[in-house]
Amino acid sequence: MEDLRSWLMLLAIPGIGPSRFRALVEKFGSPKEVLEASVEQLMQLPRMDEKTALAIKNYRDQSSIEKQLAAIQKHQVRVVGFQDPEYPELLGQIHDPPSLLFIKGDIKCLKSNPVAIVGTRGPTTYGKIIAEQIAGELAARGITVVSGMARGIDSVAHRSALARGGKTVAVLGCGVDVVYPPENLKLQAEITRSGALISEFPMGTSP
């Protein structure tokens with residue numbers, strides 16, 4: 001990604017949610033230009049408050065950005081912005097889609113007929129069997145199984161897709177370099193090799 005540092009800086013500023021992030025980038029052209037704008041220019045954006053405009057103008061936490069960049073390189077993570085052609089089309093159609101996606105693994109999985117399977121963290125035996133069957137059949141038909149890598153049905157869905165030689169994508173509620181739950185360490189590694197981990201949260205973010 002071009003000028004990744006500026007994207008990460010804008011993402012890190014308090015008060016900049018997905019809608020405002022998108023509006024700022026679309027108005028000024030790029031995160032770099034947003035960060036270089038004056039408070040007066042920033043205040044021209046509808047519903048922009050002075051506190052947030054000052055936060056953008058005065059953001060100086062370079063050390064945290066350096067840590068992010070180092071972690072991205074160490075874990076071989078791809079960062080995709082909402083303007084990137086590789087940004088998942090369906091995700092872009094939801095209300096307030098993430099500004100940035102952190103992806104570890106095969107980014108092409110995000111474009112290949114995804115179907116989501118999610119469920120309880122404490123499934124019955126019958127629930128596990130049904131989830132295994134559904135995920136396995138989908139994977140066998142070349143459909144990417146998407147879930148959240150949580151305990152229970154999510155983990156069952158991922159494992160079943162992998163067992164059938166299919167692709168699976170885990171959408172995480174933490175950074176892609178964070179293993180959660182801890183017992184899914186091996187599963188996370190397998191998904192990275194045969195699918196992808198994806199998160200809207202910066203590197204190192206705890207669940």
# chains A, B, ... in the order shown; residues from 1 in each chain; ligands from 1
call {"tool": "closest_atom_pairs", "arguments": {"of": "stretch 78-170 of chain A", "to": "stretch 178-189 of chain A", "cutoff": "8 Å", "atoms": "only C-alpha atoms", "output": "CSV"}}
result
residue,atom,partner,partner_atom,distance
A:Met149,CA,A:Asn184,CA,7.8
A:Ala150,CA,A:Pro181,CA,6.7
A:Arg151,CA,A:Pro181,CA,7.0
A:Arg159,CA,A:Leu187,CA,7.4
call {"tool": "select_by_dssp", "arguments": {"residues": "stretch 26-165 of chain A", "states": "alpha helix (DSSP H)", "output": "ChimeraX atom specification"}}
result
/A:26-28,31-36,39-42,50-58,62-74,125-140,153-163
call {"tool": "closest_residue", "arguments": {"among": "A:Lys67, A:Arg164, A:Arg20, A:Arg5", "to": "A:Pro46", "atoms": "only C-alpha atoms"}}
result
A:Arg20
call {"tool": "residues_around", "arguments": {"residues": "A:Phe28", "least_positions_apart": "6", "cutoff": "10 Å", "atoms": "only C-alpha atoms", "output": "ChimeraX atom specification"}}
result
/A:34-37,41-42,45
call {"tool": "closest_residue", "arguments": {"among": "A:Ala163, A:Ile65, A:Val169, A:Ile56", "to": "A:Glu137", "atoms": "only C-alpha atoms"}}
result
A:Ala163
call {"tool": "residues_around", "arguments": {"residues": "A:Val145", "least_positions_apart": "4", "cutoff": "9 Å", "atoms": "only C-alpha atoms", "output": "list in words"}}
result
Asn113, Pro114, Val115, Ala116, Ile117, Ala135, Gly136, Leu138, Ala139, Ala157, His158, Ala161, Gly166, Lys167, Thr168, Val169 and Ala170 of chain A
call {"tool": "select_by_dssp", "arguments": {"residues": "stretch 9-193 of chain A", "states": "strand (DSSP E)", "output": "list in words"}}
result
Arg78, Val79, Val80, Gly81, Leu100, Leu101, Phe102, Ile103, Lys104, Gly105, Pro114, Val115, Ala116, Thr144, Val145, Val146, Ser147, Thr168, Val169, Ala170 and Val171 of chain A
call {"tool": "write_last_selection", "arguments": {"atoms": "N, CA and C atoms", "output": "PDB file, in the first residue's frame"}}
result
ATOM      1  N   ARG A  78      -0.658  -8.104   4.854  1.00  0.00           N
ATOM      2  CA  ARG A  78      -1.048  -7.192   3.783  1.00  0.00           C
ATOM      3  C   ARG A  78      -2.102  -6.228   4.335  1.00  0.00           C
ATOM      4  N   VAL A  79      -1.925  -4.942   4.093  1.00  0.00           N
ATOM      5  CA  VAL A  79      -2.888  -3.941   4.547  1.00  0.00           C
ATOM      6  C   VAL A  79      -3.612  -3.374   3.333  1.00  0.00           C
ATOM      7  N   VAL A  80      -4.934  -3.430   3.371  1.00  0.00           N
ATOM      8  CA  VAL A  80      -5.756  -3.010   2.233  1.00  0.00           C
ATOM      9  C   VAL A  80      -6.709  -1.909   2.685  1.00  0.00           C
ATOM     10  N   GLY A  81      -6.662  -0.772   1.997  1.00  0.00           N
ATOM     11  CA  GLY A  81      -7.559   0.329   2.315  1.00  0.00           C
ATOM     12  C   GLY A  81      -8.865   0.227   1.548  1.00  0.00           C
ATOM     13  N   LEU A 100      -9.587   0.146   6.964  1.00  0.00           N
ATOM     14  CA  LEU A 100      -8.418  -0.668   6.625  1.00  0.00           C
ATOM     15  C   LEU A 100      -8.673  -2.116   7.013  1.00  0.00           C
ATOM     16  N   LEU A 101      -8.087  -3.014   6.248  1.00  0.00           N
ATOM     17  CA  LEU A 101      -8.118  -4.434   6.587  1.00  0.00           C
ATOM     18  C   LEU A 101      -6.685  -4.936   6.702  1.00  0.00           C
ATOM     19  N   PHE A 102      -6.416  -5.679   7.752  1.00  0.00           N
ATOM     20  CA  PHE A 102      -5.120  -6.319   7.945  1.00  0.00           C
ATOM     21  C   PHE A 102      -5.310  -7.789   7.592  1.00  0.00           C
ATOM     22  N   ILE A 103      -4.562  -8.269   6.619  1.00  0.00           N
ATOM     23  CA  ILE A 103      -4.793  -9.612   6.077  1.00  0.00           C
ATOM     24  C   ILE A 103      -3.507 -10.431   6.128  1.00  0.00           C
ATOM     25  N   LYS A 104      -3.609 -11.618   6.719  1.00  0.00           N
ATOM     26  CA  LYS A 104      -2.475 -12.542   6.763  1.00  0.00           C
ATOM     27  C   LYS A 104      -2.893 -13.833   6.078  1.00  0.00           C
ATOM     28  N   GLY A 105      -2.231 -14.158   4.981  1.00  0.00           N
ATOM     29  CA  GLY A 105      -2.599 -15.347   4.228  1.00  0.00           C
ATOM     30  C   GLY A 105      -2.898 -15.003   2.781  1.00  0.00           C
ATOM     31  N   PRO A 114     -17.708 -16.408  -0.849  1.00  0.00           N
ATOM     32  CA  PRO A 114     -17.705 -16.644   0.599  1.00  0.00           C
ATOM     33  C   PRO A 114     -19.093 -16.906   1.167  1.00  0.00           C
ATOM     34  N   VAL A 115     -19.157 -17.816   2.133  1.00  0.00           N
ATOM     35  CA  VAL A 115     -20.373 -18.065   2.907  1.00  0.00           C
ATOM     36  C   VAL A 115     -19.976 -18.091   4.383  1.00  0.00           C
ATOM     37  N   ALA A 116     -20.683 -17.319   5.203  1.00  0.00           N
ATOM     38  CA  ALA A 116     -20.350 -17.246   6.627  1.00  0.00           C
ATOM     39  C   ALA A 116     -21.106 -18.298   7.436  1.00  0.00           C
ATOM     40  N   THR A 144     -15.644 -20.580  -0.159  1.00  0.00           N
ATOM     41  CA  THR A 144     -14.839 -20.197   0.994  1.00  0.00           C
ATOM     42  C   THR A 144     -15.712 -20.058   2.234  1.00  0.00           C
ATOM     43  N   VAL A 145     -15.349 -20.767   3.289  1.00  0.00           N
ATOM     44  CA  VAL A 145     -16.092 -20.715   4.551  1.00  0.00           C
ATOM     45  C   VAL A 145     -15.512 -19.604   5.428  1.00  0.00           C
ATOM     46  N   VAL A 146     -16.357 -18.675   5.812  1.00  0.00           N
ATOM     47  CA  VAL A 146     -15.939 -17.540   6.636  1.00  0.00           C
ATOM     48  C   VAL A 146     -16.527 -17.685   8.035  1.00  0.00           C
ATOM     49  N   SER A 147     -15.697 -17.496   9.051  1.00  0.00           N
ATOM     50  CA  SER A 147     -16.190 -17.529  10.423  1.00  0.00           C
ATOM     51  C   SER A 147     -15.276 -16.676  11.297  1.00  0.00           C
ATOM     52  N   THR A 168     -10.721 -21.264   3.920  1.00  0.00           N
ATOM     53  CA  THR A 168     -11.501 -20.670   4.999  1.00  0.00           C
ATOM     54  C   THR A 168     -10.864 -19.358   5.431  1.00  0.00           C
ATOM     55  N   VAL A 169     -11.692 -18.414   5.811  1.00  0.00           N
ATOM     56  CA  VAL A 169     -11.242 -17.092   6.245  1.00  0.00           C
ATOM     57  C   VAL A 169     -11.751 -16.841   7.658  1.00  0.00           C
ATOM     58  N   ALA A 170     -10.853 -16.416   8.535  1.00  0.00           N
ATOM     59  CA  ALA A 170     -11.220 -16.086   9.911  1.00  0.00           C
ATOM     60  C   ALA A 170     -11.242 -14.574  10.078  1.00  0.00           C
ATOM     61  N   VAL A 171     -12.396 -14.038  10.412  1.00  0.00           N
ATOM     62  CA  VAL A 171     -12.542 -12.609  10.682  1.00  0.00           C
ATOM     63  C   VAL A 171     -12.386 -12.410  12.187  1.00  0.00           C
TER      64      VAL A 171
END
call {"tool": "closest_residue", "arguments": {"among": "A:Met9, A:Ile107, A:Ile191, A:Glu40", "to": "A:Glu66", "atoms": "only C-alpha atoms"}}
result
A:Met9
call {"tool": "residues_around", "arguments": {"residues": "A:Lys57", "least_positions_apart": "3", "cutoff": "7 Å", "atoms": "only C-alpha atoms", "output": "PyMOL selection string"}}
result
chain A and resi 35+38-39+53-54
call {"tool": "write_last_selection", "arguments": {"atoms": "C-alpha atoms", "output": "tab-separated table (two decimals), in the first residue's frame"}}
result
chain	number	residue	atom	x	y	z
A	35	LEU	CA	-2.78	14.94	8.02
A	38	SER	CA	-5.03	22.94	8.46
A	39	VAL	CA	-7.58	22.97	11.26
A	53	ALA	CA	-9.63	18.50	13.94
A	54	LEU	CA	-6.98	19.42	16.52
call {"tool": "closest_residue", "arguments": {"among": "A:Cys109, A:Val25, A:Leu197, A:Met203", "to": "A:Pro88", "atoms": "only C-alpha atoms"}}
result
A:Cys109
call {"tool": "closest_residue", "arguments": {"among": "A:Asp96, A:Leu8, A:Pro85, A:Leu24", "to": "A:Tyr59", "atoms": "only C-alpha atoms"}}
result
A:Leu8
call {"tool": "closest_residue", "arguments": {"among": "A:Ala70, A:Ala12, A:Ile134, A:Ile94", "to": "A:Phe82", "atoms": "only C-alpha atoms"}}
result
A:Ile94
call {"tool": "atom_distance", "arguments": {"atom1": "atom CA of A:Pro14", "atom2": "atom CA of A:Gln93"}}
result
24.5 Å
call {"tool": "residues_around", "arguments": {"residues": "A:Thr52", "least_positions_apart": "3", "cutoff": "8 Å", "atoms": "only C-alpha atoms", "output": "JSON, numbers by chain"}}
result
{"A": [14, 15, 16, 48, 49, 55, 56]}
call {"tool": "atom_distance", "arguments": {"atom1": "atom CA of A:Pro98", "atom2": "atom CA of A:Pro202"}}
result
11.5 Å
